[in-house]
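Shown next: coords-v2.txt, given as compact mmCIF, C-alpha atoms and all ligand atoms.
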```
# COMPACT_ATOMS: atom_id res chain seq x y z
CA MET A 10 -3.05 -17.30 17.36
CA HIS A 11 -0.93 -17.83 14.30
CA LEU A 12 2.52 -16.42 14.06
CA HIS A 13 2.83 -14.01 11.22
CA LEU A 14 5.12 -15.19 8.47
CA TYR A 15 7.71 -12.53 9.19
CA LEU A 16 8.16 -13.80 12.70
CA GLN A 17 8.29 -17.42 11.53
CA LYS A 18 10.97 -16.50 9.05
CA ILE A 19 13.13 -14.74 11.61
CA LEU A 20 12.72 -17.51 14.19
CA LEU A 21 13.75 -20.01 11.57
CA LEU A 22 16.84 -17.97 10.81
CA MET A 23 17.69 -17.85 14.49
CA LEU A 24 17.49 -21.62 14.69
CA TRP A 25 19.86 -21.88 11.82
CA GLY A 26 21.91 -18.95 13.08
CA LEU A 27 23.21 -18.73 9.59
CA SER A 28 23.17 -16.41 6.66
CA ILE A 29 20.07 -14.84 5.33
CA THR A 30 19.21 -14.50 1.71
CA SER A 31 16.63 -11.82 1.58
CA ILE A 32 15.59 -9.02 3.86
CA GLY A 33 13.90 -6.26 1.94
CA GLY A 34 15.14 -7.88 -1.21
CA CYS A 35 18.91 -7.57 -0.74
CA GLU A 36 21.59 -10.12 -0.01
CA LYS A 37 23.12 -9.91 3.46
CA LYS A 38 25.25 -11.86 5.89
CA ILE A 39 24.27 -11.10 9.44
CA SER A 40 25.70 -11.45 12.91
CA LYS A 41 24.09 -12.84 16.08
CA GLN A 42 23.41 -9.33 17.36
CA GLN A 43 21.79 -8.41 14.11
CA ILE A 44 19.63 -11.51 14.30
CA GLU A 45 18.58 -10.51 17.80
CA ALA A 46 17.76 -6.99 16.62
CA LEU A 47 15.83 -8.42 13.69
CA ARG A 48 14.00 -10.80 15.95
CA ARG A 49 12.88 -7.97 18.20
CA GLU A 50 11.88 -5.89 15.20
CA ALA A 51 10.00 -8.87 13.80
CA ILE A 52 8.08 -9.42 17.02
CA ALA A 53 7.12 -5.74 17.17
CA ARG A 54 6.14 -5.73 13.52
CA ASN A 55 4.24 -8.96 13.90
CA SER A 56 2.03 -7.60 16.66
CA GLN A 57 1.54 -4.37 14.74
CA ILE A 58 0.47 -6.31 11.67
CA LEU A 59 -1.87 -8.53 13.65
CA ALA A 60 -3.41 -5.51 15.35
CA ALA A 61 -3.87 -3.72 12.05
CA ASN A 62 -5.39 -6.68 10.29
CA THR A 63 -7.72 -8.43 12.64
CA GLY A 64 -11.04 -7.82 14.29
CA SER A 65 -13.35 -4.96 13.50
CA LYS A 66 -10.90 -3.35 11.14
CA GLN A 67 -11.44 -6.10 8.58
CA PRO A 68 -13.98 -4.97 6.00
CA GLN A 69 -16.72 -7.57 5.86
CA PRO A 70 -17.19 -8.82 3.29
CA TRP A 71 -14.06 -8.16 1.26
CA LYS A 72 -14.20 -6.37 -2.07
CA LEU A 73 -11.78 -5.27 -4.76
CA LEU A 74 -11.82 -1.83 -6.36
CA ILE A 75 -10.32 -1.11 -9.77
CA GLN A 76 -9.51 2.56 -10.22
CA GLY A 77 -7.41 5.04 -12.17
CA GLN A 78 -7.24 5.28 -15.93
CA ILE A 79 -10.00 2.78 -16.69
CA ASN A 80 -13.79 3.03 -16.98
CA ARG A 81 -13.47 6.84 -17.47
CA GLY A 82 -12.06 7.22 -13.97
CA LYS A 83 -15.11 5.68 -12.28
CA SER A 84 -14.32 2.99 -9.68
CA ILE A 85 -15.19 -0.57 -10.60
CA GLU A 86 -16.29 -2.44 -7.50
CA LEU A 87 -16.14 -6.24 -7.37
CA ASN A 88 -17.87 -7.68 -4.33
CA TRP A 89 -16.95 -11.05 -2.90
CA LYS A 90 -19.64 -12.92 -4.80
CA LYS A 91 -18.51 -11.37 -8.07
CA LEU A 92 -14.90 -12.25 -7.23
CA LEU A 93 -15.89 -15.87 -6.57
CA ASP A 94 -17.66 -15.99 -9.95
CA LEU A 95 -14.60 -14.58 -11.69
CA ALA A 96 -12.08 -16.82 -9.92
CA THR A 97 -11.68 -19.51 -12.57
CA ASP A 98 -7.92 -19.39 -13.20
CA THR A 99 -5.45 -21.78 -11.63
CA VAL A 100 -1.75 -21.29 -10.90
CA LYS A 101 0.41 -24.14 -9.61
CA THR A 102 3.42 -22.67 -7.93
CA THR A 103 5.60 -22.55 -4.86
CA ASP A 104 4.66 -19.78 -2.43
CA ALA A 105 7.42 -17.18 -2.03
CA ASN A 106 6.29 -16.60 1.54
CA ASN A 107 6.25 -20.22 2.60
CA VAL A 108 9.66 -20.31 4.21
CA LEU A 109 9.00 -23.58 5.97
CA GLU A 110 8.31 -25.49 2.73
CA PRO A 111 9.98 -23.39 0.02
CA ASP A 112 9.70 -26.13 -2.63
CA LYS A 113 6.14 -27.14 -2.00
CA VAL A 114 3.83 -26.46 -4.94
CA PHE A 115 0.35 -25.15 -4.17
CA GLU A 116 -2.69 -24.83 -6.36
CA PHE A 117 -3.91 -21.26 -6.24
CA LYS A 118 -7.28 -20.37 -7.66
CA GLY A 119 -8.19 -16.84 -8.57
CA ILE A 120 -8.45 -14.23 -11.26
CA ARG A 121 -5.68 -13.72 -13.74
CA VAL A 122 -4.96 -9.98 -13.64
CA SER A 123 -4.75 -9.65 -17.43
CA ARG A 124 -8.22 -11.16 -17.75
CA LEU A 125 -9.65 -8.59 -15.36
CA LEU A 126 -7.95 -5.77 -17.23
CA LYS A 127 -9.26 -6.99 -20.58
CA GLN A 128 -12.75 -7.46 -19.23
CA PHE A 129 -12.86 -3.83 -18.13
CA ASP A 130 -11.22 -2.43 -21.27
CA ILE A 131 -7.88 -1.26 -19.99
CA PRO A 132 -6.69 1.51 -22.35
CA PRO A 133 -4.01 0.32 -24.80
CA ASP A 134 -1.47 2.88 -23.54
CA ALA A 135 -1.72 1.89 -19.85
CA LYS A 136 1.73 1.15 -18.44
CA GLU A 137 1.53 0.13 -14.80
CA ILE A 138 -0.83 -1.35 -12.28
CA THR A 139 -0.45 -0.53 -8.59
CA PHE A 140 -1.94 -3.01 -6.13
CA VAL A 141 -2.87 -1.41 -2.81
CA CYS A 142 -3.36 -3.55 0.28
CA PHE A 143 -5.43 -3.30 3.43
CA ASP A 144 -2.40 -2.31 5.52
CA SER A 145 -1.31 0.40 3.01
CA TYR A 146 1.41 -1.78 1.50
CA GLN A 147 1.58 -1.40 -2.27
CA VAL A 148 3.38 -2.92 -5.26
CA THR A 149 3.51 -1.80 -8.88
CA LEU A 150 3.77 -4.13 -11.88
CA LYS A 151 4.23 -3.42 -15.56
CA VAL A 152 1.11 -4.02 -17.66
CA GLU A 153 3.35 -5.76 -20.19
CA ASP A 154 4.39 -8.35 -17.60
CA LEU A 155 0.80 -8.88 -16.54
CA PHE A 156 -0.03 -9.72 -20.14
CA THR A 157 3.04 -11.95 -20.50
CA TYR A 158 2.67 -14.03 -17.33
CA PRO A 159 -0.40 -15.48 -15.62
CA ILE A 160 0.08 -13.33 -12.48
CA THR A 161 -3.07 -13.91 -10.46
CA LEU A 162 -5.14 -12.47 -7.63
CA ALA A 163 -5.66 -15.68 -5.69
CA ILE A 164 -8.63 -16.24 -3.42
CA ALA A 165 -8.09 -19.93 -2.70
CA LYS A 166 -5.08 -22.12 -1.99
CA ASN A 167 -5.37 -25.90 -2.29
CA GLY A 168 -9.14 -25.58 -2.35
CA GLN A 169 -9.39 -23.44 0.81
CA LYS A 170 -9.99 -19.77 1.40
CA ILE A 171 -6.63 -18.12 2.02
CA LYS A 172 -6.19 -17.29 5.69
CA ARG A 173 -5.43 -13.76 6.71
CA GLU A 174 -1.98 -14.67 8.05
CA GLN A 175 -1.17 -16.36 4.75
CA GLY A 176 -1.95 -13.22 2.77
CA GLY A 177 -5.69 -13.72 2.23
CA PRO A 178 -8.40 -13.16 1.38
CA ILE A 179 -6.81 -11.79 -1.83
CA TYR A 180 -3.17 -12.64 -2.40
CA LEU A 181 -1.16 -11.63 -5.46
CA VAL A 182 0.69 -14.74 -6.70
CA PHE A 183 3.35 -15.14 -9.34
CA PRO A 184 3.79 -18.38 -11.32
CA TYR A 185 7.37 -18.97 -10.10
CA THR A 186 7.32 -22.68 -10.85
CA GLU A 187 6.33 -22.36 -14.50
CA TYR A 188 8.33 -19.14 -15.12
CA PRO A 189 11.46 -19.24 -12.92
CA GLU A 190 12.65 -15.89 -14.35
CA LEU A 191 9.88 -14.24 -12.35
CA ARG A 192 11.75 -15.03 -9.14
CA LYS A 193 14.23 -12.32 -10.08
CA LYS A 194 11.89 -9.88 -11.71
CA TYR A 195 9.22 -9.95 -9.03
CA LYS A 196 10.80 -11.02 -5.76
CA GLN A 197 9.03 -12.11 -2.61
CA VAL A 198 8.22 -8.48 -1.74
CA TYR A 199 5.82 -8.36 -4.70
CA TRP A 200 3.57 -11.07 -3.30
CA ALA A 201 1.08 -8.59 -1.90
CA PHE A 202 -1.20 -9.68 0.93
CA TYR A 203 -4.79 -8.60 1.46
CA VAL A 204 -5.12 -6.68 -1.79
CA THR A 205 -7.99 -4.18 -1.82
CA HIS A 206 -7.36 -1.94 -4.87
CA MET A 207 -5.90 -2.12 -8.36
CA ILE A 208 -4.98 1.24 -9.85
CA VAL A 209 -4.38 1.62 -13.56
CA ASP A 210 -1.49 4.09 -13.97
CA THR A 211 -2.31 7.03 -11.68
CA GLU A 212 -5.69 8.42 -10.72
CA THR A 213 -6.63 11.95 -11.71
CA PRO A 214 -6.01 14.06 -8.58
CA LYS A 215 -9.14 14.95 -6.67
CA LEU A 216 -9.82 15.71 -3.06
CA GLN A 217 -13.08 15.92 -1.17
CA VAL A 218 -13.07 18.57 1.58
CA GLY A 219 -16.36 18.48 3.43
CA ASN A 220 -18.92 18.79 0.66
CA THR A 221 -16.56 20.44 -1.81
CA LYS A 222 -14.75 18.59 -4.59
CA ILE A 223 -11.30 20.01 -5.21
CA GLU A 224 -9.21 19.40 -8.30
CA LEU A 225 -5.53 19.85 -9.05
CA ALA A 226 -6.18 23.21 -10.75
CA ASP A 227 -7.74 24.47 -7.49
CA LEU A 228 -4.80 23.29 -5.39
CA ASP A 229 -2.44 24.93 -7.87
CA LYS A 230 -4.06 28.32 -7.21
CA LEU A 231 -2.85 28.21 -3.58
CA PRO A 232 0.69 29.22 -2.54
CA GLN A 233 3.06 26.41 -3.56
CA GLN A 234 5.45 25.04 -0.94
CA THR A 235 8.44 22.72 -0.94
CA ILE A 236 9.89 20.53 1.80
CA LEU A 237 13.05 18.44 1.70
CA GLU A 238 12.43 15.27 3.68
CA GLU A 239 12.84 11.53 3.90
CA VAL A 240 9.52 10.16 2.72
CA GLY A 241 7.57 8.80 5.67
CA TYR A 242 6.38 5.55 4.06
CA ARG A 243 8.38 2.85 2.38
CA SER A 244 6.83 2.30 -1.03
CA GLY A 245 8.34 3.73 -4.16
CA TRP A 246 11.04 6.05 -2.84
CA ASP A 247 14.74 5.86 -2.12
CA SER A 248 15.75 6.42 1.46
CA ASP A 249 17.41 9.74 0.58
CA ARG A 250 15.68 13.00 1.26
CA VAL A 251 13.59 14.30 -1.62
CA LYS A 252 11.95 17.57 -2.47
CA VAL A 253 8.21 17.28 -2.16
CA HIS A 254 5.98 20.06 -3.46
CA GLY A 255 2.39 20.95 -2.66
CA VAL A 256 0.21 23.18 -0.51
CA TRP A 257 -0.01 23.60 3.24
CA MET A 258 -2.98 21.86 4.73
CA ARG A 259 -4.01 25.07 6.56
CA ASP A 260 -4.30 26.91 3.22
CA ILE A 261 -6.76 24.41 1.74
CA PHE A 262 -9.60 25.80 3.80
CA ALA A 263 -9.49 28.93 1.63
CA LEU A 264 -11.04 26.76 -1.11
CA VAL A 265 -14.12 25.74 0.85
CA PRO A 266 -16.97 27.64 2.51
CA LYS A 267 -16.05 26.35 5.98
CA GLN A 268 -13.06 27.78 7.86
CA LEU A 269 -10.49 25.64 9.59
CA PRO A 270 -11.92 25.28 13.12
CA THR A 271 -10.00 26.99 15.90
CA GLU A 272 -9.52 23.83 17.95
CA GLY A 273 -10.14 20.11 17.94
CA SER A 274 -9.26 17.96 14.98
CA ILE A 275 -10.25 17.11 11.46
CA LYS A 276 -10.44 13.65 9.94
CA ILE A 277 -8.37 12.57 6.99
CA PHE A 278 -9.19 9.58 4.81
CA ALA A 279 -6.90 7.86 2.37
CA LYS A 280 -7.37 4.85 0.12
CA PRO A 281 -5.84 1.97 2.12
CA PRO A 282 -8.54 0.60 4.43
CA ILE A 283 -6.42 1.11 7.56
CA TYR A 284 -6.61 4.82 6.73
CA ARG A 285 -10.41 4.86 6.49
CA ASP A 286 -11.52 3.17 9.66
CA SER A 287 -14.79 4.96 10.41
CA GLU A 288 -14.65 4.03 14.11
CA GLN A 289 -11.10 5.23 14.61
CA PRO A 290 -10.31 7.60 11.77
CA ILE A 291 -6.95 9.31 11.48
CA ARG A 292 -7.27 12.77 12.99
CA LEU A 293 -5.15 15.81 12.40
CA ASN A 294 -5.01 18.22 15.32
CA VAL A 295 -6.00 21.72 14.34
CA LYS A 296 -3.04 22.94 16.41
CA ASP A 297 -0.68 20.84 14.25
CA ILE A 298 -2.36 22.03 11.06
CA ARG A 299 -1.92 25.64 12.15
CA GLU A 300 1.56 25.38 13.60
CA CYS A 301 3.25 22.55 11.71
CA ASP A 302 4.01 22.54 8.03
CA ILE A 303 1.66 19.74 7.00
CA MET A 304 1.42 19.43 3.26
CA LEU A 305 -0.79 17.87 0.68
CA ALA A 306 1.85 17.02 -1.87
CA THR A 307 1.17 16.54 -5.56
CA ARG A 308 4.66 16.80 -7.10
CA TRP A 309 8.25 15.97 -6.31
CA GLY A 310 11.86 16.49 -7.34
CA GLU A 311 13.77 19.16 -9.24
CA LYS A 312 11.44 18.80 -12.20
CA SER A 313 8.24 18.90 -10.14
CA GLN A 314 7.00 15.62 -11.53
CA PRO A 315 3.56 14.37 -10.56
CA ILE A 316 3.55 11.84 -7.72
CA ILE A 317 2.49 8.68 -9.51
CA ALA A 318 0.62 5.78 -7.92
CA SER A 319 3.77 3.69 -7.44
CA LYS A 320 4.93 6.50 -5.15
CA GLY A 321 1.59 6.75 -3.31
CA GLY A 322 0.15 9.61 -5.41
CA PRO A 323 -1.50 11.60 -6.86
CA ILE A 324 -2.04 13.27 -3.46
CA THR A 325 0.15 12.44 -0.48
CA LEU A 326 0.11 13.73 3.07
CA ALA A 327 3.62 14.91 3.89
CA PHE A 328 5.14 17.04 6.61
CA LYS A 329 8.35 18.30 8.08
CA ASN A 330 9.38 15.37 10.25
CA SER A 331 11.04 17.81 12.66
CA CYS A 332 7.81 19.55 13.65
CA ASN A 333 7.60 19.23 17.39
CA ASN A 334 4.32 20.61 18.56
CA GLY A 335 3.36 19.35 21.98
CA LYS A 336 4.81 16.36 23.78
CA ASN A 337 6.44 14.60 20.88
CA ARG A 338 7.24 14.92 17.26
CA LEU A 339 4.48 14.97 14.70
CA SER A 340 6.23 12.10 12.91
CA GLN A 341 5.74 9.91 15.99
CA ARG A 342 2.03 10.59 16.06
CA LEU A 343 1.15 10.57 12.38
CA PRO A 344 2.34 8.62 9.35
CA TRP A 345 2.76 10.16 5.92
CA LEU A 346 -0.31 8.97 4.02
CA THR A 347 -0.52 7.57 0.51
CA PHE A 348 -3.51 8.21 -1.79
CA VAL A 349 -5.18 10.95 0.26
CA GLU A 350 -8.85 11.23 -0.69
CA GLU A 351 -10.85 13.24 1.83
CA LEU A 352 -10.81 15.72 4.69
CA SER A 353 -13.82 16.17 6.92
CA GLU A 354 -14.82 17.55 10.30
N1 LIG A 401 -0.04 -6.41 2.34
C1 LIG A 401 1.25 -6.66 2.52
N2 LIG A 401 1.88 -7.50 1.68
C2 LIG A 401 3.20 -7.77 1.82
C3 LIG A 401 3.96 -7.14 2.83
C4 LIG A 401 3.28 -6.27 3.72
O1 LIG A 401 3.86 -5.68 4.66
N3 LIG A 401 1.93 -6.07 3.54
N4 LIG A 401 5.31 -7.39 2.94
C5 LIG A 401 5.97 -7.88 1.73
C6 LIG A 401 7.33 -8.30 1.99
S1 LIG A 401 8.51 -7.08 2.17
C7 LIG A 401 7.65 -9.61 2.06
S2 LIG A 401 9.26 -10.11 2.22
C8 LIG A 401 6.60 -10.61 2.05
C9 LIG A 401 6.56 -11.25 3.40
O2 LIG A 401 6.28 -10.23 4.31
P1 LIG A 401 6.40 -10.51 5.83
O3 LIG A 401 7.83 -10.89 6.04
O4 LIG A 401 6.04 -9.20 6.48
O5 LIG A 401 5.45 -11.61 6.15
O6 LIG A 401 5.30 -10.10 1.81
C10 LIG A 401 5.19 -8.97 1.04
N5 LIG A 401 3.78 -8.63 0.96
MO MO A 402 10.34 -8.25 2.93
```
Reformat the file's structure so that it appears as structure tokens.
Ligand SMILES: Nc1nc2c(c(=O)[nH]1)N[C@H]1C(S)=C(S)[C@@H](COP(=O)(O)O)O[C@H]1N2
Ligand SMILES: [Mo]
Amino acid sequence: MHLHLYLQKILLLMLWGLSITSIGGCEKKISKQQIEALRREAIARNSQILAANTGSKQPQPWKLLIQGQINRGKSIELNWKKLLDLATDTVKTTDANNVLEPDKVFEFKGIRVSRLLKQFDIPPDAKEITFVCFDSYQVTLKVEDLFTYPITLAIAKNGQKIKREQGGPIYLVFPYTEYPELRKKYKQVYWAFYVTHMIVDTETPKLQVGNTKIELADLDKLPQQTILEEVGYRSGWDSDRVKVHGVWMRDIFALVPKQLPTEGSIKIFAKPPIYRDSEQPIRLNVKDIRECDIMLATRWGEKSQPIIASKGGPITLAFKNSCNNGKNRLSQRLPWLTFVEELSE
């Protein structure tokens, strides 16, 4: 079994026992105890990542979906064969995640993002592209930068398929060697692994509940709620608490012919593939839905701004982290979910 890069990086730091340049993108000097804490965190995270990204949970074969404000809102699906046909661009660069050989230049082969966007007629006023990954990680880049630099969705590295533990099969690479300024603008955290979706700006909100399609106007007819919470996933938000606005999950069933069942659970599906595993879907307990304030959020902040894709919107599963219904807190049993798409029995 390969060590995940995160673990390699931390072990390397331990060997050096020295200072560290980048954890989560900021500069830090760290002590031995902190290194030990980081090492333990890295080991835990490493096994989590491996569990989430291996075996049956890997969609076979891989595909890339382009969604949002492109192709009149209809998904564009590129299967692996199509991706291979399109992968004619080359980028020679160091790999931000290769901590063992930071100066080694690799030849990545793939699809320049700007070429994909042109091919599918990206609207001229599009501003941002959000790349969503298998594990729910996401990064957002400016369209302008994508058209300035040959930032590329790589599917091969030095003539070989990119291994899962090296970010494959689709790895977002930045031409650091040719454009050193990109090292600052798009740090290591932007090199997204296992990319599955590209979203142009933000999708139009829609939610499938059973057989019913629900739009934002429908959700807006329900009683509007607000919670003040730390957002339960890392992308796009500060660590401070924010106001999140939306509707209680239990109220949504007023919009569909079927009532919320009295017991059991309902399934919830969101865009990142780890949130749509058909064998082990994420389930919401009916008891939690009835007794906890679980929200489908569509807006945030004092000005009730829409939740854009870089923040995991347009529809996000949120809840009061304090809800304690049963043995442990809801927040220990359920993550906040980005890009919520469907509820079903
Ligand atoms: N899909 C995906 N890509 C990702 C990440 C991730 O968790 N998932 N982590 C990012 C971060 S924060 C860094 S520093 C680098 C290396 O991540 P790692 O240290 O978890 O290997 O990959 C980036 N790309
Ligand atoms: Mo990171």
For atom O6 of ligand LIG 401 (chain A) and CA of Ala201 in chain A, quote the distance in Å rounded to one decimal.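 Atom O6 of ligand LIG 401 (chain A) sits 5.8 Å away from CA of Ala201 in chain A.
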Using Å and a single decimal, report how far CA of Ile236 in chain A sits from CA of Asp302 in chain A.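 Atom-to-atom, CA of Asp302 in chain A and CA of Ile236 in chain A are spaced 8.8 Å apart.
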Just want the 8 Å neighbourhood of range 144-158 of chain A, counted on all atoms listed in the file, with same-chain residues fewer than 2 positions away dropped. Output as a PyMOL selection string. chain A and resi 58+61-62+122-123+135-142+160+184+188+199+201+203+244+281-284+319+347
Return the single residue from A:Glu116, A:Ser248, A:Gly322, A:Ser313 that is closest to Ile171 in chain A, with distances computed using all atoms listed in the file.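 Nearest to Ile171 in chain A: A:Glu116.
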Please compute the CA of Ser331 in chain A-atom N3 of ligand LIG 401 (chain A) distance, one decimal, in Å.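 Taking CA of Ser331 in chain A as the start and atom N3 of ligand LIG 401 (chain A) as the end point, the length is 27.1 Å.
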For a quick check of understanding, using only C-alpha atoms, which of A:Leu228, A:Ile291, A:Ile277, A:Ile298 has the smallest distance to Arg259 in chain A?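 Of A:Leu228, A:Ile291, A:Ile277, A:Ile298, the one nearest Arg259 in chain A is A:Ile298, counting only C-alpha atoms.
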Contacts of Arg173 in chain A at 9 Å (only C-alpha atoms; same-chain gap of 2+ positions) as a ChimeraX atom specification: /A:62-63,171,175-179,202-203
I'd like the contact shell of Leu269 in chain A - 10 Å cut-off, all atoms listed in the file, skipping same-chain residues fewer than 4 positions apart - returned as a PyMOL selection string. chain A and resi 258-263+265+274-275+295+298-299+354
Between A:Leu126, A:Leu237, A:Val204, A:Ile75, which is the closest to ligand LIG 401 (chain A) once you count all atoms listed in the file? A:Val204
